[in-house]
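Asks: Input model15.csv, format and content: CSV, C-alpha atoms.
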chain,number,residue,atom,x,y,z
E,217,MET,CA,0.4,-39.4,-15.1
E,218,ASN,CA,-1.8,-42.1,-13.7
E,219,PRO,CA,-4.6,-40.4,-11.8
E,220,ILE,CA,-5.0,-43.2,-9.3
E,221,LYS,CA,-1.3,-43.2,-8.5
E,222,LEU,CA,-1.3,-39.4,-8.4
E,223,ARG,CA,-4.1,-39.2,-5.9
E,224,TYR,CA,-2.5,-41.9,-3.7
E,225,GLU,CA,0.8,-39.9,-3.6
E,226,ILE,CA,-1.1,-36.6,-2.9
E,227,GLU,CA,-3.2,-38.1,-0.1
E,228,ASN,CA,-0.1,-39.5,1.6
E,229,ILE,CA,1.7,-36.1,1.4
E,230,TYR,CA,2.6,-36.3,5.1
E,231,ASN,CA,4.9,-39.2,4.5
E,232,LEU,CA,7.3,-37.0,2.6
E,233,PRO,CA,10.6,-36.6,4.5
E,234,THR,CA,10.6,-32.9,3.5
E,235,ILE,CA,7.4,-32.2,5.4
E,236,PRO,CA,8.0,-30.2,8.6
E,237,SER,CA,7.3,-32.3,11.7
E,238,MET,CA,4.7,-29.8,13.0
E,239,LEU,CA,2.8,-29.8,9.8
E,240,ARG,CA,2.9,-33.6,9.7
E,241,LYS,CA,1.4,-33.7,13.2
E,242,LEU,CA,-1.3,-31.2,12.2
E,243,LEU,CA,-2.3,-33.1,9.2
E,244,LEU,CA,-2.8,-36.3,11.2
E,245,LEU,CA,-4.6,-34.3,13.9
E,246,ILE,CA,-7.2,-32.7,11.6
E,247,GLU,CA,-7.9,-36.1,9.9
E,248,ASP,CA,-9.2,-37.4,13.2
E,249,PRO,CA,-13.0,-36.9,13.2
E,250,SER,CA,-13.1,-37.1,17.0
E,251,ILE,CA,-10.7,-34.1,17.5
E,252,SER,CA,-12.1,-31.7,20.1
E,253,MET,CA,-11.6,-27.9,20.6
E,254,PRO,CA,-9.4,-28.5,23.7
E,255,ASP,CA,-7.2,-30.8,21.6
E,256,LEU,CA,-6.8,-28.1,19.0
E,257,GLY,CA,-6.1,-25.5,21.7
E,258,ASN,CA,-3.4,-27.8,23.3
E,259,PHE,CA,-1.8,-28.3,19.9
E,260,ILE,CA,-1.6,-24.6,19.3
E,261,LEU,CA,-0.3,-23.7,22.8
E,262,LYS,CA,2.6,-26.2,22.5
E,263,ASP,CA,4.1,-24.0,19.7
E,264,PRO,CA,4.4,-20.4,20.8
E,265,ALA,CA,5.3,-19.3,17.2
E,266,LEU,CA,2.1,-21.0,15.9
E,267,ALA,CA,0.0,-19.5,18.7
E,268,SER,CA,1.4,-16.0,17.8
E,269,ARG,CA,0.5,-16.5,14.2
E,270,ILE,CA,-3.0,-17.6,15.0
E,271,MET,CA,-3.5,-14.5,17.1
E,272,LYS,CA,-2.2,-12.2,14.4
E,273,ALA,CA,-4.3,-13.8,11.7
E,274,ALA,CA,-7.5,-13.9,13.9
E,275,ASN,CA,-7.1,-10.1,14.4
E,276,SER,CA,-6.3,-9.4,10.7
E,277,PRO,CA,-8.7,-8.4,7.9
E,278,ILE,CA,-9.1,-12.1,7.2
E,279,TYR,CA,-11.8,-12.2,9.9
E,280,GLY,CA,-12.3,-8.6,10.8
E,281,PHE,CA,-13.9,-9.1,14.2
E,282,GLN,CA,-15.2,-6.0,15.8
E,283,HIS,CA,-13.4,-6.6,19.1
E,284,ARG,CA,-9.7,-7.6,19.4
E,285,ILE,CA,-9.2,-11.3,20.2
E,286,LYS,CA,-6.9,-11.4,23.2
E,287,ASN,CA,-6.1,-15.1,23.7
E,288,ILE,CA,-6.2,-18.6,22.0
E,289,SER,CA,-9.3,-19.7,24.0
E,290,GLN,CA,-11.2,-16.6,22.7
E,291,ALA,CA,-10.0,-17.3,19.1
E,292,LEU,CA,-11.3,-20.9,19.3
E,293,MET,CA,-14.6,-19.8,20.7
E,294,MET,CA,-15.1,-17.1,18.1
E,295,LEU,CA,-14.0,-19.1,15.1
E,296,GLY,CA,-15.3,-22.6,15.7
E,297,SER,CA,-13.5,-25.9,15.0
E,298,ASN,CA,-13.7,-25.9,11.2
E,299,SER,CA,-12.5,-22.4,10.9
E,300,VAL,CA,-9.7,-23.1,13.4
E,301,LYS,CA,-8.7,-26.1,11.4
E,302,GLY,CA,-8.6,-24.1,8.2
E,303,LEU,CA,-6.7,-21.3,9.8
E,304,LEU,CA,-4.2,-23.7,11.3
E,305,LEU,CA,-3.6,-25.3,8.0
E,306,GLY,CA,-3.3,-22.0,6.1
E,307,ILE,CA,-0.8,-20.6,8.7
E,308,SER,CA,1.1,-23.9,8.9
E,309,VAL,CA,1.8,-23.9,5.2
E,310,PHE,CA,2.6,-20.2,5.1
E,311,ASP,CA,6.4,-20.7,4.7
E,312,ILE,CA,5.8,-23.5,2.1
E,313,MET,CA,3.4,-21.2,0.2
E,314,GLU,CA,6.1,-18.6,-0.1
E,315,ARG,CA,8.7,-21.1,-1.2
E,316,THR,CA,6.4,-22.6,-3.7
E,317,MET,CA,5.3,-19.2,-5.1
E,318,ALA,CA,6.3,-15.8,-3.8
E,319,GLY,CA,3.1,-13.8,-3.1
E,320,LEU,CA,0.8,-16.9,-2.7
E,321,TRP,CA,0.2,-16.3,1.0
E,322,GLN,CA,-0.8,-12.6,0.3
E,323,HIS,CA,-3.1,-13.7,-2.5
E,324,SER,CA,-4.8,-16.4,-0.3
E,325,ALA,CA,-5.1,-14.1,2.7
E,326,GLY,CA,-6.4,-11.3,0.5
E,327,CYS,CA,-9.0,-13.7,-0.9
E,328,ALA,CA,-10.1,-14.6,2.6
E,329,ALA,CA,-10.7,-11.0,3.5
E,330,ALA,CA,-12.4,-10.2,0.2
E,331,ALA,CA,-14.7,-13.3,0.5
E,332,LYS,CA,-15.8,-12.0,4.0
E,333,VAL,CA,-16.6,-8.6,2.6
E,334,ILE,CA,-18.6,-10.1,-0.3
E,335,ALA,CA,-20.5,-12.4,2.0
E,336,GLU,CA,-21.4,-9.5,4.3
E,337,GLN,CA,-22.4,-7.1,1.5
E,338,THR,CA,-24.6,-9.6,-0.4
E,339,GLY,CA,-26.7,-10.7,2.6
E,340,HIS,CA,-24.8,-13.8,3.5
E,341,LYS,CA,-23.2,-12.6,6.7
E,342,GLY,CA,-24.0,-15.9,8.4
E,343,ILE,CA,-21.4,-17.8,6.2
E,344,ALA,CA,-18.8,-15.0,6.3
E,345,GLU,CA,-16.3,-17.0,8.4
E,346,ASP,CA,-16.9,-20.2,6.4
E,347,VAL,CA,-16.2,-18.5,3.1
E,348,ALA,CA,-13.1,-16.8,4.6
E,349,VAL,CA,-11.7,-20.2,5.4
E,350,ALA,CA,-12.6,-21.6,2.0
E,351,ALA,CA,-10.9,-18.6,0.3
E,352,LEU,CA,-7.8,-18.9,2.5
E,353,LEU,CA,-7.5,-22.6,1.5
E,354,HIS,CA,-8.7,-22.4,-2.1
E,355,ASP,CA,-5.2,-22.7,-3.6
E,356,ILE,CA,-3.9,-25.3,-1.1
E,357,GLY,CA,-3.5,-27.7,-4.0
E,358,LYS,CA,-0.7,-25.5,-5.4
E,359,VAL,CA,1.2,-25.9,-2.1
E,360,ILE,CA,0.7,-29.7,-2.3
E,361,PHE,CA,1.9,-29.8,-5.9
E,362,GLY,CA,5.0,-27.8,-4.8
E,363,LEU,CA,5.7,-30.2,-2.0
E,364,ARG,CA,5.2,-33.5,-3.8
E,365,TYR,CA,6.4,-32.5,-7.2
E,366,SER,CA,8.7,-29.6,-6.5
E,367,GLU,CA,10.9,-29.6,-9.7
E,368,GLU,CA,8.0,-30.4,-12.0
E,369,TYR,CA,5.9,-27.7,-10.5
E,370,GLN,CA,8.7,-25.1,-10.8
E,371,HIS,CA,9.0,-26.2,-14.5
E,372,ILE,CA,5.2,-25.6,-15.0
E,373,LEU,CA,5.5,-22.2,-13.4
E,374,ALA,CA,8.3,-21.4,-15.9
E,375,VAL,CA,6.2,-22.6,-18.8
E,376,VAL,CA,3.3,-20.4,-17.6
E,377,ARG,CA,5.7,-17.4,-17.7
E,378,GLU,CA,7.1,-18.3,-21.1
E,379,LYS,CA,3.7,-18.9,-22.7
E,380,ASN,CA,1.7,-16.3,-20.8
E,381,SER,CA,-0.8,-19.0,-20.1
E,382,THR,CA,-2.8,-19.9,-17.0
E,383,LEU,CA,-1.4,-22.1,-14.2
E,384,PHE,CA,-4.7,-24.0,-14.2
E,385,GLN,CA,-4.3,-24.8,-17.9
E,386,GLU,CA,-0.7,-26.0,-17.5
E,387,GLU,CA,-1.4,-28.1,-14.5
E,388,LYS,CA,-4.2,-29.8,-16.4
E,389,GLU,CA,-1.9,-30.5,-19.3
E,390,HIS,CA,1.0,-31.8,-17.2
E,391,PHE,CA,-0.8,-33.7,-14.4
E,392,GLY,CA,-4.2,-34.4,-15.9
E,393,VAL,CA,-5.7,-32.6,-12.8
E,394,THR,CA,-5.4,-29.2,-11.3
E,395,HIS,CA,-4.7,-27.6,-7.9
E,396,ALA,CA,-8.5,-27.4,-7.4
E,397,ASP,CA,-8.8,-31.2,-7.7
E,398,VAL,CA,-5.9,-31.8,-5.5
E,399,GLY,CA,-7.1,-29.4,-2.8
E,400,SER,CA,-10.6,-31.0,-2.8
E,401,TRP,CA,-9.1,-34.5,-2.4
E,402,LEU,CA,-7.2,-33.5,0.7
E,403,ALA,CA,-10.1,-31.4,2.1
E,404,TYR,CA,-12.2,-34.5,1.9
E,405,LYS,CA,-9.5,-36.7,3.4
E,406,TRP,CA,-9.0,-34.2,6.2
E,407,ASN,CA,-12.7,-34.4,7.2
E,408,PHE,CA,-13.6,-30.8,6.2
E,409,PRO,CA,-17.3,-30.1,5.6
E,410,GLN,CA,-18.6,-31.1,2.1
E,411,ILE,CA,-19.3,-27.4,1.4
E,412,LEU,CA,-15.6,-26.6,1.9
E,413,VAL,CA,-14.5,-29.6,-0.3
E,414,GLU,CA,-16.8,-28.5,-3.1
E,415,THR,CA,-15.9,-24.8,-2.9
E,416,ILE,CA,-12.2,-25.7,-3.3
E,417,LYS,CA,-12.9,-28.0,-6.1
E,418,TYR,CA,-15.0,-25.6,-8.2
E,419,HIS,CA,-13.6,-22.2,-7.3
E,420,HIS,CA,-12.6,-21.9,-11.0
E,421,SER,CA,-15.9,-23.3,-12.3
E,422,PRO,CA,-18.6,-22.2,-9.9
E,423,SER,CA,-21.4,-23.2,-12.2
E,424,LEU,CA,-20.6,-26.8,-11.5
E,425,SER,CA,-21.2,-26.5,-7.8
E,426,ARG,CA,-24.3,-28.2,-6.6
E,427,THR,CA,-24.2,-28.2,-2.8
E,428,ALA,CA,-22.3,-24.9,-2.3
E,429,PRO,CA,-23.2,-22.5,-5.2
E,430,ILE,CA,-23.2,-19.4,-3.0
E,431,HIS,CA,-19.9,-20.3,-1.2
E,432,THR,CA,-18.2,-21.2,-4.5
E,433,SER,CA,-19.5,-18.0,-6.2
E,434,ILE,CA,-18.2,-15.8,-3.4
E,435,VAL,CA,-14.7,-17.4,-3.4
E,436,ASN,CA,-14.6,-17.3,-7.2
E,437,LEU,CA,-15.4,-13.5,-7.2
E,438,ALA,CA,-13.0,-12.8,-4.3
E,439,ASP,CA,-10.2,-14.6,-6.3
E,440,ILE,CA,-10.9,-12.5,-9.4
E,441,ILE,CA,-11.2,-9.2,-7.6
E,442,VAL,CA,-8.0,-9.7,-5.5
E,443,LYS,CA,-6.1,-10.8,-8.7
E,444,THR,CA,-7.4,-7.8,-10.6
E,445,LEU,CA,-6.3,-5.5,-7.7
E,446,GLY,CA,-2.8,-7.0,-8.0
E,447,PHE,CA,-2.7,-8.2,-4.4
E,448,GLY,CA,-0.2,-11.0,-4.0
E,449,PHE,CA,0.5,-13.6,-6.8
E,450,SER,CA,-1.4,-16.8,-7.6
E,451,GLY,CA,0.9,-18.2,-10.3
E,452,ASP,CA,0.1,-16.3,-13.5
E,453,ASP,CA,-0.7,-12.7,-14.6
E,454,LEU,CA,-4.0,-13.4,-16.5
E,455,THR,CA,-7.2,-12.1,-14.9
E,456,PRO,CA,-9.9,-14.8,-14.9
E,457,MET,CA,-13.2,-14.2,-16.7
E,458,LEU,CA,-16.0,-12.9,-14.6
E,459,TYR,CA,-18.9,-15.3,-14.8
E,460,PRO,CA,-22.3,-13.6,-15.2
E,461,GLN,CA,-23.9,-16.6,-13.3
E,462,VAL,CA,-21.8,-15.6,-10.2
E,463,LEU,CA,-23.2,-12.1,-10.2
E,464,GLN,CA,-26.7,-13.6,-10.7
E,465,VAL,CA,-26.4,-16.1,-7.9
E,466,LEU,CA,-25.1,-13.4,-5.5
E,467,ALA,CA,-27.6,-10.7,-6.9
E,468,ILE,CA,-24.8,-8.3,-7.7
E,469,ASP,CA,-25.5,-5.5,-10.1
E,470,LYS,CA,-22.9,-3.1,-11.6
E,471,GLU,CA,-23.1,-0.5,-8.8
E,472,LEU,CA,-22.7,-3.2,-6.1
E,473,LEU,CA,-19.8,-4.7,-7.9
E,474,LYS,CA,-18.0,-1.3,-8.1
E,475,SER,CA,-18.8,-0.8,-4.4
E,476,LEU,CA,-17.3,-4.3,-3.5
E,477,VAL,CA,-14.1,-3.6,-5.5
E,478,PHE,CA,-13.7,-0.3,-3.7
E,479,LYS,CA,-14.4,-1.7,-0.2
E,480,ILE,CA,-12.1,-4.7,-0.8
E,481,ASP,CA,-9.3,-2.5,-2.1
E,482,SER,CA,-9.7,-0.4,1.0
E,483,GLU,CA,-9.9,-3.4,3.3
E,484,LEU,CA,-6.7,-5.0,2.0
E,485,GLY,CA,-4.6,-2.0,2.6
E,486,GLU,CA,-0.8,-2.6,2.5
E,487,PRO,CA,0.6,-6.2,2.0
E,488,ALA,CA,2.3,-5.8,5.3
E,489,ASP,CA,-1.1,-6.1,7.0
E,490,PHE,CA,-1.1,-9.8,6.1
E,491,GLU,CA,2.4,-10.7,7.2
E,492,ILE,CA,2.3,-13.3,10.0
E,493,ASP,CA,5.9,-14.3,10.6
Take the structure I supplied and represent it as structure tokens, if you would.
Replies:
Amino acid sequence: MNPIKLRYEIENIYNLPTIPSMLRKLLLLIEDPSISMPDLGNFILKDPALASRIMKAANSPIYGFQHRIKNISQALMMLGSNSVKGLLLGISVFDIMERTMAGLWQHSAGCAAAAKVIAEQTGHKGIAEDVAVAALLHDIGKVIFGLRYSEEYQHILAVVREKNSTLFQEEKEHFGVTHADVGSWLAYKWNFPQILVETIKYHHSPSLSRTAPIHTSIVNLADIIVKTLGFGFSGDDLTPMLYPQVLQVLAIDKELLKSLVFKIDSELGEPADFEID
């Protein structure tokens, strides 16, 4: 497939007639660099179901705030605009995630909670919310593939099952790019910070990250741990290789790694903890 044509089609995803009107409005909203917190708040409050989901997610292990968040204004203040945009996007594609791939939302939410734990336990508490957003959105490219090329993507998922290969590998073979590329294109177009763009792009190859090696390493490790624990489903059953460089960048030894796995397993609890509908 022509990569230029592919990127054009991907970046104009909101023109698809199958895109829900609320998601279309959101995508146009977050592309606006002048969007303010009150604008985001008003958008959320116009949709009671969306507001309810935001509140439930804000009080879930994804963020793990010490005190319960009681209203949208408090959520906006605690999370900040970029985190709110990321959470809005993740929640808005929840139903599409589940239609594209059963278990993808649980995997994504689990990675967000795991990334926060890893950040806090490795001395990077200051970026915990940022990496939680990156982890929540790291597989957004799969959703976009599922929206834009629904039949083709379902075929790719079937090939993955038949060959017991990786989804990343089959995407690359069929499209010439992967969900990581697609997700980073849109994160850039949606005016997300460069660190988030790069984390999404290199979450399968953290050694290539130049501006966000710590963020990317945390999300990569969160992805591997959550997949190893069997929480949710990300498209294939193969556990990715653990990169020694990731452990080195994050200064994680064997004992800390065991502790992280135990804490994340405990934090995730039951899948029902992450249901937002």
Asks: Quick one, how far is atom CA of Leu363 of chain E from atom CA of Asp263 of chain E?
Replies: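 Atom-to-atom, atom CA of Leu363 of chain E to atom CA of Asp263 of chain E, that is 22.6 Å.
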Asks: Have a look at E:Gly357, E:Gly319, E:Gly362, E:Gly302 and name the one nearest to Thr234 of chain E; count only C-alpha atoms.
Replies: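 The closest residue to Thr234 of chain E is E:Gly362.
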Asks: Would you work out the distance separating atom CA of Glu386 of chain E from atom CA of Ile356 of chain E, expressed in Å to one decimal?
Replies: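 Atom-to-atom, atom CA of Glu386 of chain E and atom CA of Ile356 of chain E are spaced 16.7 Å apart.
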Asks: Could you build a table of the residues in segment 325-355 of chain E lying no more than 10 Å from segment 453-466 of chain E, giving for each the nearest pair of atoms and their separation in Å rounded to one decimal place, using only C-alpha atoms, ordered by chain and ascending residue number, as JSON lines?
Replies:
{"residue": "E:Ile334", "atom": "CA", "partner": "E:Leu466", "partner_atom": "CA", "distance": 9.0}
{"residue": "E:Ala335", "atom": "CA", "partner": "E:Leu466", "partner_atom": "CA", "distance": 8.9}
{"residue": "E:Gln337", "atom": "CA", "partner": "E:Leu466", "partner_atom": "CA", "distance": 9.8}
{"residue": "E:Thr338", "atom": "CA", "partner": "E:Leu466", "partner_atom": "CA", "distance": 6.4}
{"residue": "E:Gly339", "atom": "CA", "partner": "E:Leu466", "partner_atom": "CA", "distance": 8.7}
{"residue": "E:His340", "atom": "CA", "partner": "E:Leu466", "partner_atom": "CA", "distance": 9.0}
Asks: For Ser482 of chain E, which residue out of E:Val333, E:Ile251, E:Ile312, E:Leu245 is the nearest one, using all atoms listed in the file?
Replies: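 Going through E:Val333, E:Ile251, E:Ile312, E:Leu245 one by one, the smallest distance to Ser482 of chain E is for E:Val333.
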Asks: Do you have the atom CA of Ser475 of chain E-atom CA of His419 of chain E distance handy?
Replies: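 Atom CA of His419 of chain E lies 22.2 Å from atom CA of Ser475 of chain E.
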Asks: Can I get the residues of segment 243-344 of chain E within 9 Å of segment 395-406 of chain E, each with the closest pair of atoms and their distance in Å to one decimal, using only C-alpha atoms, sorted chain first then ascending number, as JSON lines?
Replies:
{"residue": "E:Leu243", "atom": "CA", "partner": "E:Trp406", "partner_atom": "CA", "distance": 7.4}
{"residue": "E:Leu244", "atom": "CA", "partner": "E:Trp406", "partner_atom": "CA", "distance": 8.2}
{"residue": "E:Leu245", "atom": "CA", "partner": "E:Trp406", "partner_atom": "CA", "distance": 8.9}
{"residue": "E:Ile246", "atom": "CA", "partner": "E:Trp406", "partner_atom": "CA", "distance": 5.9}
{"residue": "E:Glu247", "atom": "CA", "partner": "E:Trp406", "partner_atom": "CA", "distance": 4.3}
{"residue": "E:Asp248", "atom": "CA", "partner": "E:Trp406", "partner_atom": "CA", "distance": 7.7}
{"residue": "E:Pro249", "atom": "CA", "partner": "E:Trp406", "partner_atom": "CA", "distance": 8.5}
Asks: List the neighbours of Thr382 of chain E out to 12 Å using all atoms listed in the file; skip same-chain residues closer than 6 positions along the sequence, and give me the result as a PyMOL selection string.
Replies: chain E and resi 372-376+388-389+394+420+450-457
